[in-house]
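The structure file upload-v3.csv is reproduced below (CSV, C-alpha atoms).
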```csv
chain,number,residue,atom,x,y,z
A,272,MET,CA,0.0,0.0,0.0
A,273,LYS,CA,2.8,2.4,0.9
A,274,GLU,CA,4.6,1.8,-2.4
A,275,ARG,CA,1.7,3.4,-4.2
A,276,TYR,CA,2.4,6.8,-2.7
A,277,SER,CA,6.2,6.9,-3.0
A,278,GLY,CA,6.3,8.0,-6.6
A,279,SER,CA,3.8,10.8,-6.2
A,280,PHE,CA,5.5,11.9,-3.0
A,281,LEU,CA,8.8,12.4,-4.7
A,282,ALA,CA,7.2,14.1,-7.8
A,283,GLY,CA,5.3,16.5,-5.6
A,284,ALA,CA,8.4,17.2,-3.5
A,285,VAL,CA,10.4,18.0,-6.6
A,286,ALA,CA,7.7,20.4,-7.9
A,287,ALA,CA,7.1,22.2,-4.6
A,288,ARG,CA,10.7,22.5,-3.7
A,289,THR,CA,11.7,23.6,-7.2
A,290,GLY,CA,9.1,26.4,-7.0
A,291,ASP,CA,10.4,27.3,-3.5
A,292,GLU,CA,14.1,27.3,-4.6
A,293,MET,CA,13.0,29.4,-7.6
A,294,SER,CA,11.0,31.9,-5.5
A,295,GLY,CA,13.9,33.1,-3.4
A,296,PRO,CA,16.2,34.1,-6.3
A,297,ALA,CA,13.2,35.4,-8.3
A,298,LEU,CA,12.1,37.6,-5.4
A,299,THR,CA,15.7,38.8,-4.8
A,300,LEU,CA,16.1,39.7,-8.5
A,301,ALA,CA,12.7,41.4,-8.6
A,302,GLY,CA,13.6,43.5,-5.6
A,303,PHE,CA,17.0,44.3,-7.0
A,304,ALA,CA,15.5,45.3,-10.3
A,305,LEU,CA,13.0,47.6,-8.6
A,306,ALA,CA,15.2,49.2,-6.0
A,307,GLY,CA,18.7,48.7,-7.4
A,308,SER,CA,19.8,47.9,-3.9
A,309,THR,CA,21.2,44.7,-2.5
A,310,ALA,CA,20.0,45.7,1.0
A,311,GLU,CA,16.4,46.1,-0.1
A,312,ALA,CA,16.4,43.0,-2.2
A,313,SER,CA,17.8,41.0,0.8
A,314,ALA,CA,15.0,42.5,3.0
A,315,LEU,CA,12.4,40.9,0.7
A,316,LEU,CA,14.2,37.5,0.8
A,317,ALA,CA,14.6,37.8,4.6
A,318,GLY,CA,10.9,38.6,4.9
A,319,ILE,CA,9.6,35.5,3.3
A,320,THR,CA,12.0,33.3,5.3
A,321,VAL,CA,12.2,34.8,8.8
A,322,SER,CA,8.6,34.0,9.8
A,323,ALA,CA,9.2,30.3,9.5
A,324,VAL,CA,10.3,30.4,13.1
A,325,ALA,CA,6.7,30.9,14.1
A,326,GLY,CA,5.0,29.0,11.3
A,327,GLY,CA,7.0,25.8,11.5
A,328,PRO,CA,6.2,24.7,15.0
A,329,VAL,CA,2.5,25.5,14.7
A,330,LEU,CA,2.2,23.7,11.4
A,331,GLY,CA,4.0,20.7,12.9
A,332,ALA,CA,1.7,20.6,15.9
A,333,LEU,CA,-1.3,20.6,13.6
A,334,LEU,CA,0.1,17.9,11.3
A,335,ASP,CA,0.6,15.6,14.3
A,336,ARG,CA,-3.0,16.1,15.3
A,337,HIS,CA,-4.6,15.8,11.8
A,338,GLU,CA,-6.1,12.6,10.5
A,339,ARG,CA,-5.1,13.6,7.0
A,340,PRO,CA,-1.9,15.6,7.3
A,341,GLY,CA,-1.5,15.6,3.5
A,342,ARG,CA,-4.6,17.8,3.1
A,343,LEU,CA,-3.3,20.2,5.6
A,344,LEU,CA,-0.1,20.4,3.6
A,345,ALA,CA,-2.1,21.0,0.5
A,346,GLY,CA,-3.8,24.0,2.1
A,347,ALA,CA,-0.4,25.4,3.2
A,348,LEU,CA,0.9,25.1,-0.4
A,349,VAL,CA,-2.2,27.0,-1.7
A,350,LEU,CA,-1.6,29.8,0.8
A,351,TYR,CA,2.1,30.0,-0.1
A,352,ALA,CA,1.5,30.1,-3.9
A,353,VAL,CA,-1.2,32.7,-3.5
A,354,GLY,CA,1.1,34.7,-1.2
A,355,LEU,CA,3.8,34.8,-3.9
A,356,GLY,CA,1.1,36.1,-6.3
A,357,VAL,CA,0.1,38.9,-3.9
A,358,ILE,CA,3.8,39.9,-3.4
A,359,LEU,CA,4.1,40.1,-7.2
A,360,VAL,CA,1.1,42.3,-7.5
A,361,THR,CA,2.2,44.7,-4.8
A,362,LEU,CA,5.9,44.9,-5.7
A,363,GLY,CA,6.5,48.3,-7.1
A,364,ARG,CA,2.9,49.4,-6.6
A,365,LEU,CA,2.9,49.7,-2.8
A,366,PRO,CA,5.7,50.8,-0.4
A,367,LEU,CA,8.4,48.1,0.0
A,368,ALA,CA,7.6,47.8,3.7
A,369,VAL,CA,4.1,46.6,2.8
A,370,THR,CA,5.4,44.0,0.4
A,371,VAL,CA,7.8,42.8,3.0
A,372,VAL,CA,5.0,42.3,5.5
A,373,ILE,CA,3.1,40.2,2.9
A,374,ALA,CA,6.3,38.2,2.4
A,375,VAL,CA,6.5,37.6,6.1
A,376,LEU,CA,2.9,36.3,6.2
A,377,THR,CA,3.5,34.1,3.2
A,378,GLY,CA,6.6,32.7,4.8
A,379,LEU,CA,4.6,31.2,7.7
A,380,MET,CA,3.8,28.4,5.3
A,381,GLY,CA,7.4,27.9,4.2
A,382,PRO,CA,8.1,24.8,6.4
A,383,ALA,CA,5.4,22.9,4.6
A,384,LEU,CA,7.7,22.6,1.6
A,385,SER,CA,10.6,21.2,3.7
A,386,GLY,CA,10.1,19.6,7.1
A,387,GLY,CA,6.3,19.3,6.9
A,388,TRP,CA,6.7,17.2,3.7
A,389,THR,CA,9.6,15.1,4.8
A,390,ALA,CA,7.9,14.2,8.1
A,391,GLN,CA,5.4,12.2,6.0
A,392,LEU,CA,8.1,10.1,4.4
A,393,PRO,CA,7.8,7.0,6.7
A,394,ARG,CA,4.2,6.7,5.7
A,395,THR,CA,5.0,6.3,2.0
A,396,VAL,CA,7.6,3.6,2.1
A,397,PRO,CA,8.2,0.3,4.0
A,398,GLY,CA,10.5,0.7,7.1
A,399,GLU,CA,13.4,-1.2,5.6
A,400,ARG,CA,13.5,1.2,2.6
A,401,LEU,CA,13.5,4.4,4.8
A,402,PRO,CA,17.3,5.1,4.6
A,403,ARG,CA,17.3,5.0,0.8
A,404,ALA,CA,14.1,6.9,0.6
A,405,ASN,CA,15.5,9.5,3.0
A,406,ALA,CA,18.5,10.0,0.7
A,407,LEU,CA,16.2,10.3,-2.3
A,408,ASP,CA,14.1,12.9,-0.5
A,409,ALA,CA,17.2,14.9,0.3
A,410,MET,CA,18.1,14.7,-3.3
A,411,THR,CA,14.8,16.4,-4.2
A,412,PHE,CA,16.2,19.5,-2.4
A,413,SER,CA,19.4,19.3,-4.5
A,414,ALA,CA,17.4,18.8,-7.7
A,415,ALA,CA,15.2,21.7,-6.8
A,416,GLY,CA,18.3,23.7,-5.9
A,417,LEU,CA,19.7,23.0,-9.4
A,418,ALA,CA,16.5,23.7,-11.4
A,419,GLY,CA,15.1,26.5,-9.3
A,420,PRO,CA,17.9,29.1,-9.7
A,421,VAL,CA,18.4,28.2,-13.4
A,422,LEU,CA,14.7,28.8,-14.0
A,423,ALA,CA,14.7,32.0,-12.0
A,424,GLY,CA,17.7,33.4,-13.8
A,425,GLY,CA,16.6,32.2,-17.2
A,426,VAL,CA,13.1,33.4,-16.9
A,427,ALA,CA,14.2,36.7,-15.4
A,428,GLU,CA,16.6,37.3,-18.2
A,429,VAL,CA,14.1,36.5,-21.0
A,430,LEU,CA,10.7,37.5,-19.5
A,431,GLY,CA,11.6,39.6,-16.5
A,432,ALA,CA,11.9,38.9,-12.7
A,433,PRO,CA,8.1,39.3,-12.1
A,434,THR,CA,7.4,36.4,-14.5
A,435,ALA,CA,10.0,34.3,-12.6
A,436,VAL,CA,8.0,34.8,-9.4
A,437,LEU,CA,4.8,33.8,-11.1
A,438,VAL,CA,6.3,30.6,-12.5
A,439,SER,CA,7.6,29.7,-9.0
A,440,ALA,CA,4.1,30.1,-7.6
A,441,LEU,CA,2.7,27.8,-10.4
A,442,LEU,CA,5.2,25.1,-9.6
A,443,ILE,CA,4.3,25.1,-6.0
A,444,GLY,CA,0.6,24.9,-6.9
A,445,SER,CA,1.3,21.9,-9.1
A,446,ALA,CA,2.3,19.9,-6.0
A,447,ILE,CA,-1.1,20.3,-4.3
A,448,PRO,CA,-2.6,17.1,-5.7
A,449,ALA,CA,0.4,15.0,-4.5
A,450,ALA,CA,0.1,16.5,-1.0
A,451,TRP,CA,-3.7,15.9,-0.9
A,452,LEU,CA,-3.3,12.2,-1.7
A,453,LEU,CA,-0.7,11.5,1.0
A,454,PRO,CA,-1.8,8.6,3.3
A,455,ALA,CA,-3.8,9.1,6.5
A,456,GLN,CA,-2.0,9.1,9.8
A,457,PRO,CA,-2.6,5.9,11.8
A,458,ARG,CA,-4.7,6.6,14.9
A,459,ARG,CA,-2.1,5.3,17.3
A,460,ASP,CA,0.4,7.8,16.0
A,461,ARG,CA,-1.8,10.8,16.3
A,462,VAL,CA,-1.4,13.3,19.2
A,463,ALA,CA,-4.5,13.0,21.4
A,464,GLN,CA,-7.1,15.6,20.3
A,465,PRO,CA,-7.8,17.0,23.8
A,466,THR,CA,-4.1,18.1,24.0
A,467,SER,CA,-3.8,21.8,23.3
A,468,VAL,CA,-1.7,23.0,20.4
A,469,ILE,CA,0.4,25.0,22.9
A,470,GLY,CA,1.0,21.7,24.8
A,471,VAL,CA,2.1,19.9,21.6
A,472,LEU,CA,4.4,22.8,20.7
A,473,ALA,CA,6.1,22.6,24.1
A,474,ALA,CA,6.4,18.8,23.8
A,475,GLY,CA,8.1,19.2,20.4
A,476,ILE,CA,10.6,21.7,21.6
A,477,ARG,CA,11.4,19.5,24.6
A,478,VAL,CA,12.1,16.6,22.3
A,479,ILE,CA,14.8,18.7,20.5
A,480,VAL,CA,16.3,20.2,23.7
A,481,ARG,CA,16.4,16.9,25.7
A,482,ARG,CA,18.0,14.8,23.0
A,483,PRO,CA,21.6,15.9,22.6
A,484,ARG,CA,22.1,14.4,19.1
A,485,LEU,CA,19.0,16.0,17.8
A,486,ALA,CA,19.8,19.3,19.4
A,487,ARG,CA,23.3,19.6,18.1
A,488,ALA,CA,22.3,18.6,14.6
A,489,THR,CA,19.5,21.1,14.7
A,490,VAL,CA,21.7,24.0,15.9
A,491,SER,CA,24.6,23.2,13.6
A,492,SER,CA,22.3,23.0,10.6
A,493,ALA,CA,20.6,26.3,11.5
A,494,VAL,CA,23.9,28.1,11.7
A,495,SER,CA,25.0,26.6,8.4
A,496,CYS,CA,21.8,27.9,6.8
A,497,ALA,CA,22.7,31.4,8.1
A,498,ALA,CA,26.0,31.2,6.1
A,499,GLN,CA,24.1,29.9,3.1
A,500,GLY,CA,21.6,32.8,3.4
A,501,MET,CA,24.5,35.3,3.4
A,502,VAL,CA,25.9,33.8,0.2
A,503,THR,CA,22.5,33.8,-1.5
A,504,ALA,CA,22.0,37.5,-0.7
A,505,CYS,CA,25.3,38.2,-2.4
A,506,VAL,CA,24.2,36.4,-5.6
A,507,PRO,CA,22.7,39.4,-7.5
A,508,LEU,CA,25.8,41.5,-6.8
A,509,LEU,CA,28.1,38.6,-7.7
A,510,GLY,CA,26.3,38.2,-11.0
A,511,GLU,CA,26.6,41.9,-11.8
A,512,ARG,CA,30.2,42.4,-10.8
A,513,VAL,CA,31.7,39.0,-11.7
A,514,LEU,CA,29.5,37.5,-14.4
A,515,GLY,CA,28.2,40.6,-16.2
A,516,GLY,CA,24.5,40.5,-15.1
A,517,SER,CA,22.5,40.2,-11.9
A,518,GLY,CA,20.3,37.5,-13.5
A,519,ARG,CA,23.3,35.3,-14.2
A,520,GLY,CA,24.1,35.3,-10.5
A,521,ALA,CA,21.1,33.1,-9.7
A,522,VAL,CA,22.7,30.4,-11.9
A,523,LEU,CA,25.6,30.3,-9.5
A,524,LEU,CA,23.4,28.6,-7.0
A,525,SER,CA,22.9,25.7,-9.4
A,526,CYS,CA,26.6,25.0,-9.2
A,527,THR,CA,26.1,24.2,-5.6
A,528,ALA,CA,23.0,22.1,-6.4
A,529,VAL,CA,24.9,20.1,-9.1
A,530,SER,CA,27.6,19.0,-6.7
A,531,ALA,CA,25.1,18.4,-3.9
A,532,LEU,CA,23.1,16.2,-6.1
A,533,MET,CA,26.1,14.2,-7.1
A,534,ALA,CA,27.3,13.9,-3.5
A,535,ASN,CA,23.9,12.6,-2.4
A,536,ALA,CA,23.9,10.1,-5.2
A,537,VAL,CA,27.0,8.7,-3.7
A,538,LEU,CA,25.3,8.5,-0.4
A,539,VAL,CA,22.4,6.6,-1.9
A,540,ARG,CA,24.8,4.0,-3.2
A,541,PHE,CA,26.8,3.9,0.0
A,542,PRO,CA,24.3,4.9,2.8
A,543,ARG,CA,26.5,3.7,5.7
A,544,SER,CA,29.9,5.1,4.5
A,545,SER,CA,29.9,7.7,7.4
A,546,THR,CA,27.7,8.4,10.4
A,547,PRO,CA,25.1,11.2,9.9
A,548,ASP,CA,26.5,13.0,13.0
A,549,THR,CA,30.0,13.2,11.5
A,550,ILE,CA,28.7,14.4,8.1
A,551,ILE,CA,26.8,17.3,9.7
A,552,TRP,CA,29.9,19.0,11.2
A,553,ALA,CA,32.2,18.0,8.4
A,554,GLY,CA,29.8,19.4,5.8
A,555,ALA,CA,29.9,22.8,7.6
A,556,LEU,CA,33.7,22.9,7.4
A,557,VAL,CA,33.6,22.1,3.7
A,558,GLN,CA,31.2,25.0,3.1
A,559,ALA,CA,33.4,27.3,5.2
A,560,ALA,CA,36.3,26.6,2.9
A,561,ALA,CA,34.2,27.1,-0.2
A,562,PHE,CA,32.8,30.5,0.9
A,563,ALA,CA,36.3,31.7,1.8
A,564,LEU,CA,37.5,30.7,-1.7
A,565,ALA,CA,34.5,32.5,-3.3
A,566,ALA,CA,35.7,35.8,-1.8
A,567,SER,CA,38.5,35.9,-4.4
A,568,GLY,CA,36.0,37.4,-6.9
A,569,ARG,CA,37.4,35.6,-10.0
A,570,PRO,CA,34.8,33.9,-12.2
A,571,ALA,CA,36.4,30.5,-12.5
A,572,VAL,CA,37.4,30.3,-8.8
A,573,LEU,CA,33.9,31.4,-7.9
A,574,VAL,CA,32.3,28.5,-9.8
A,575,VAL,CA,34.7,26.0,-8.3
A,576,ALA,CA,34.0,27.4,-4.8
A,577,LEU,CA,30.2,26.9,-5.2
A,578,LEU,CA,30.7,23.4,-6.5
A,579,ILE,CA,32.8,22.6,-3.4
A,580,ALA,CA,30.0,24.2,-1.2
A,581,GLY,CA,27.5,21.7,-2.6
A,582,ILE,CA,29.8,18.7,-1.6
A,583,GLY,CA,29.3,19.9,2.0
A,584,GLU,CA,25.7,21.1,1.8
A,585,GLY,CA,24.0,18.1,0.1
A,586,PRO,CA,25.3,15.3,2.4
A,587,GLN,CA,24.8,17.5,5.4
A,588,LEU,CA,21.0,17.8,4.6
A,589,THR,CA,20.7,14.0,4.1
A,590,ALA,CA,22.5,13.4,7.4
A,591,LEU,CA,20.2,15.9,9.2
A,592,PHE,CA,17.1,14.1,7.9
A,593,ALA,CA,18.6,10.8,9.1
A,594,VAL,CA,19.2,12.2,12.6
A,595,ARG,CA,15.6,13.5,12.8
A,596,HIS,CA,14.1,10.2,11.6
A,597,ARG,CA,16.3,8.4,14.1
A,598,GLU,CA,15.6,10.6,17.1
A,599,ALA,CA,12.0,11.9,16.7
A,600,PRO,CA,9.2,10.1,18.5
A,601,GLU,CA,6.6,8.9,16.0
A,602,GLN,CA,3.8,10.9,17.6
A,603,LEU,CA,5.7,14.1,17.4
A,604,ARG,CA,7.5,13.6,14.1
A,605,GLY,CA,5.7,16.4,12.3
A,606,GLN,CA,6.5,18.8,15.1
A,607,THR,CA,10.1,17.8,15.3
A,608,PHE,CA,10.7,18.2,11.5
A,609,THR,CA,8.8,21.5,11.1
A,610,THR,CA,10.4,23.0,14.2
A,611,GLY,CA,13.8,22.1,12.9
A,612,ALA,CA,13.0,23.3,9.4
A,613,SER,CA,11.7,26.6,10.8
A,614,LEU,CA,15.0,27.2,12.7
A,615,LYS,CA,17.0,26.5,9.5
A,616,ILE,CA,14.8,28.8,7.4
A,617,THR,CA,15.1,31.5,10.1
A,618,GLY,CA,18.8,31.1,10.2
A,619,PHE,CA,18.9,31.5,6.4
A,620,ALA,CA,16.7,34.7,6.8
A,621,VAL,CA,19.0,36.2,9.4
A,622,GLY,CA,22.0,35.5,7.3
A,623,ALA,CA,20.4,37.1,4.2
A,624,ALA,CA,19.4,40.2,6.1
A,625,VAL,CA,22.8,40.7,7.6
A,626,ALA,CA,24.7,40.1,4.4
A,627,GLY,CA,22.8,42.7,2.3
A,628,PRO,CA,24.3,45.8,4.0
A,629,ILE,CA,27.7,44.1,4.3
A,630,ALA,CA,27.8,43.2,0.6
A,631,THR,CA,27.0,46.8,-0.3
A,632,TRP,CA,30.0,47.9,1.7
A,633,SER,CA,32.3,45.0,0.7
A,634,LEU,CA,31.3,41.9,-1.3
A,635,PRO,CA,34.4,39.9,-0.4
A,636,GLY,CA,33.9,40.9,3.2
A,637,ALA,CA,30.3,39.5,3.2
A,638,LEU,CA,31.6,36.2,1.8
A,639,ALA,CA,34.4,36.0,4.3
A,640,VAL,CA,31.9,36.6,7.1
A,641,ALA,CA,29.8,33.7,5.6
A,642,ALA,CA,32.8,31.5,5.8
A,643,CYS,CA,33.3,32.4,9.5
A,644,VAL,CA,29.7,31.6,10.2
A,645,ALA,CA,30.0,28.2,8.6
A,646,VAL,CA,33.0,27.5,10.9
A,647,LEU,CA,30.8,28.5,13.9
A,648,ALA,CA,28.2,25.9,12.6
A,649,ALA,CA,30.8,23.1,12.9
A,650,LEU,CA,31.9,24.4,16.4
A,651,ALA,CA,28.2,24.6,17.5
A,652,PHE,CA,27.9,20.8,16.9
A,653,PHE,CA,30.4,20.1,19.6
A,654,ALA,CA,28.9,22.6,22.1
A,655,PHE,CA,26.4,19.9,23.1
A,656,PRO,CA,27.4,16.8,25.1
A,657,SER,CA,27.4,13.5,23.4
A,658,ALA,CA,24.4,11.3,24.1
A,659,ALA,CA,24.9,8.5,26.5
```
Can the structure from this file be put into structure tokens for me?
Amino acid sequence: MKERYSGSFLAGAVAARTGDEMSGPALTLAGFALAGSTAEASALLAGITVSAVAGGPVLGALLDRHERPGRLLAGALVLYAVGLGVILVTLGRLPLAVTVVIAVLTGLMGPALSGGWTAQLPRTVPGERLPRANALDAMTFSAAGLAGPVLAGGVAEVLGAPTAVLVSALLIGSAIPAAWLLPAQPRRDRVAQPTSVIGVLAAGIRVIVRRPRLARATVSSAVSCAAQGMVTACVPLLGERVLGGSGRGAVLLSCTAVSALMANAVLVRFPRSSTPDTIIWAGALVQAAAFALAASGRPAVLVVALLIAGIGEGPQLTALFAVRHREAPEQLRGQTFTTGASLKITGFAVGAAVAGPIATWSLPGALAVAACVAVLAALAFFAFPSAA
């Protein structure tokens, strides 16, 4: 029975996540084209990502209580796609502050495309196939990271950045049927209905805090995402100064996605080559080296640097999912995944917001700071005691 859902699950994940990966660069390019300022463009990107810290835990709590979590996910996808459309309509017609507020409201649904979706994975495949399915699920992020920026940059170059935002919304909307058809949650796994949402939220947070392996993986990945957000915010300026066009900068993100996809393909073939815990901190160090190399500002070196970044980023994401599946209680799986996802997205938002003003002052300086933040991500992993 589970096999029937696995294909549509992965197809829906690819569509939704490609739209999501496309929306960030598209919004950044649209903001940059309108204001001509990296700081204001990064504010728009930060707006749609920062609110995940609130939206993720609430969405996870609702997923754990819902008989048909897939239908709740479908509703979240509808709201996210519509929100992108509203941003597009208001961008340039209303003050930027108003558009950023709309982006913040839209971003509340962001964790549905990451942790909320991945939390349903065990219900789509037999238990013995979960490690392989987990790696394939992580590869959908890499595939989306490859296709999304290419689509954003290509559509923006040919048809304009607003059209790129519209296409991203349509891609997210195309995943709604796959989410709607996800299997029902077994009654024994559901959080008891009398329990308040606040109580479930607290329980989910306690799970992360009280399990050292889960806590250190969560914190390290969130700090890594802050570094990634800083680099993403630099993309339009990198494209303009190094590659001859801001739209071309979005394609740089696909370099990271290509190597991430290839690295994860190796993990699918050799799933037990390294422990997930080791991959998380080692992946952060690889990204730190890559971001430092990118600060050189030379086109060829920049491409190589982002390829190296993907070798750290892709396996790190797969390892993070493996830790969550291993450590999360079944009855709080959705809460654990979406809370973790919201922290990652928020880390990305903070990094993007900080990098904009720094990049305006010094682009190499912003990339150097991103490298330092990635080193902190590796160090944060060891700030937590090992589990007994």
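One finds atom CA of Gly327 of chain A at 20.4 Å from atom CA of Ala314 of chain A.
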List every residue of segment 289-378 of chain A that has an atom at most 10 Å from any atom of segment 602-622 of chain A, and for each one report the closest atom pair and its distance in Å to one decimal, counting all atoms listed in the file, with rows sorted by chain and then by increasing residue number, as a Markdown table.
```
| residue | atom | partner | partner_atom | distance |
| --- | --- | --- | --- | --- |
| A:Ser313 | CA | A:Ala620 | CA | 8.8 |
| A:Ala314 | CA | A:Ala620 | CA | 8.8 |
| A:Leu315 | CA | A:Ala620 | CA | 9.7 |
| A:Leu316 | CA | A:Ala620 | CA | 7.1 |
| A:Ala317 | CA | A:Ala620 | CA | 4.3 |
| A:Gly318 | CA | A:Ala620 | CA | 7.2 |
| A:Ile319 | CA | A:Ala620 | CA | 8.0 |
| A:Thr320 | CA | A:Ala620 | CA | 5.1 |
| A:Val321 | CA | A:Thr617 | CA | 4.6 |
| A:Ser322 | CA | A:Thr617 | CA | 7.0 |
| A:Ala323 | CA | A:Ser613 | CA | 4.7 |
| A:Val324 | CA | A:Ser613 | CA | 4.7 |
| A:Ala325 | CA | A:Ser613 | CA | 7.4 |
| A:Gly326 | CA | A:Ser613 | CA | 7.1 |
| A:Gly327 | CA | A:Thr609 | CA | 4.7 |
| A:Pro328 | CA | A:Thr610 | CA | 4.6 |
| A:Val329 | CA | A:Gln606 | CA | 7.8 |
| A:Leu330 | CA | A:Thr609 | CA | 7.0 |
| A:Gly331 | CA | A:Gln606 | CA | 3.8 |
| A:Ala332 | CA | A:Gln606 | CA | 5.2 |
| A:Leu333 | CA | A:Gln606 | CA | 8.1 |
| A:Leu334 | CA | A:Gly605 | CA | 5.9 |
| A:Asp335 | CA | A:Gly605 | CA | 5.5 |
| A:Arg336 | CA | A:Gln602 | CA | 8.9 |
| A:Pro340 | CA | A:Gly605 | CA | 9.1 |
| A:Gly378 | CA | A:Ile616 | CA | 9.4 |
```
Can you write out as a Markdown table which residues of segment 289-376 of chain A fall within 12 Å of segment 521-537 of chain A, alongside each residue's closest atom pair and its distance in Å to one decimal, counting all atoms listed in the file and ordering rows by chain and ascending residue number?
```
| residue | atom | partner | partner_atom | distance |
| --- | --- | --- | --- | --- |
| A:Thr289 | CA | A:Ala528 | CA | 11.4 |
| A:Glu292 | CA | A:Leu524 | CA | 9.7 |
| A:Met293 | CA | A:Ala521 | CA | 9.1 |
| A:Ser294 | CA | A:Ala521 | CA | 11.0 |
| A:Gly295 | CA | A:Ala521 | CA | 9.6 |
| A:Pro296 | CA | A:Ala521 | CA | 6.0 |
| A:Ala297 | CA | A:Ala521 | CA | 8.3 |
| A:Leu298 | CA | A:Ala521 | CA | 10.9 |
| A:Thr299 | CA | A:Ala521 | CA | 9.3 |
| A:Leu300 | CA | A:Ala521 | CA | 8.4 |
| A:Ala301 | CA | A:Ala521 | CA | 11.9 |
```
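With atom CA of Leu538 of chain A on one side and atom CA of Phe562 of chain A on the other, the separation reads 23.3 Å.
Around the point (25.0, 35.8, -4.2), within 10 Å and counting only C-alpha atoms, we find these residues: Pro296, Thr299, Thr309, Gln499, Gly500, Met501, Val502, Thr503, Ala504, Cys505, Val506, Pro507, Leu508, Leu509, Gly510, Glu511, Ser517, Gly520, Ala521, Val522, Leu523, Leu524, Ala623, Ala626, Gly627, Ala630, Leu634, Ala637 and Leu638 of chain A.
You will find atom CA of Pro570 of chain A at 21.0 Å from atom CA of Ala427 of chain A.
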Quiz item: Counting all atoms listed in the file, what is within 8 Å of segment 342-355 of chain A, bar same-chain residues fewer than 3 positions away, as a PyMOL selection string?
Solution: chain A and resi 294+334+337+339+358-359+373-374+376-378+380-381+383-384+387-388+436-437+439-441+443-444+446-448+450-453
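Comparing the minimum interatomic distances between Leu281 of chain A and each of A:Ala414, A:Val575, A:Val594, A:Leu588, counting all atoms listed in the file, we find that A:Ala414 sits nearest.
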Quiz prompt | Residue among A:Val640, A:Leu367, A:Leu647, A:Ala593 lying closest to Leu401 of chain A, counting only C-alpha atoms | solution = A:Ala593
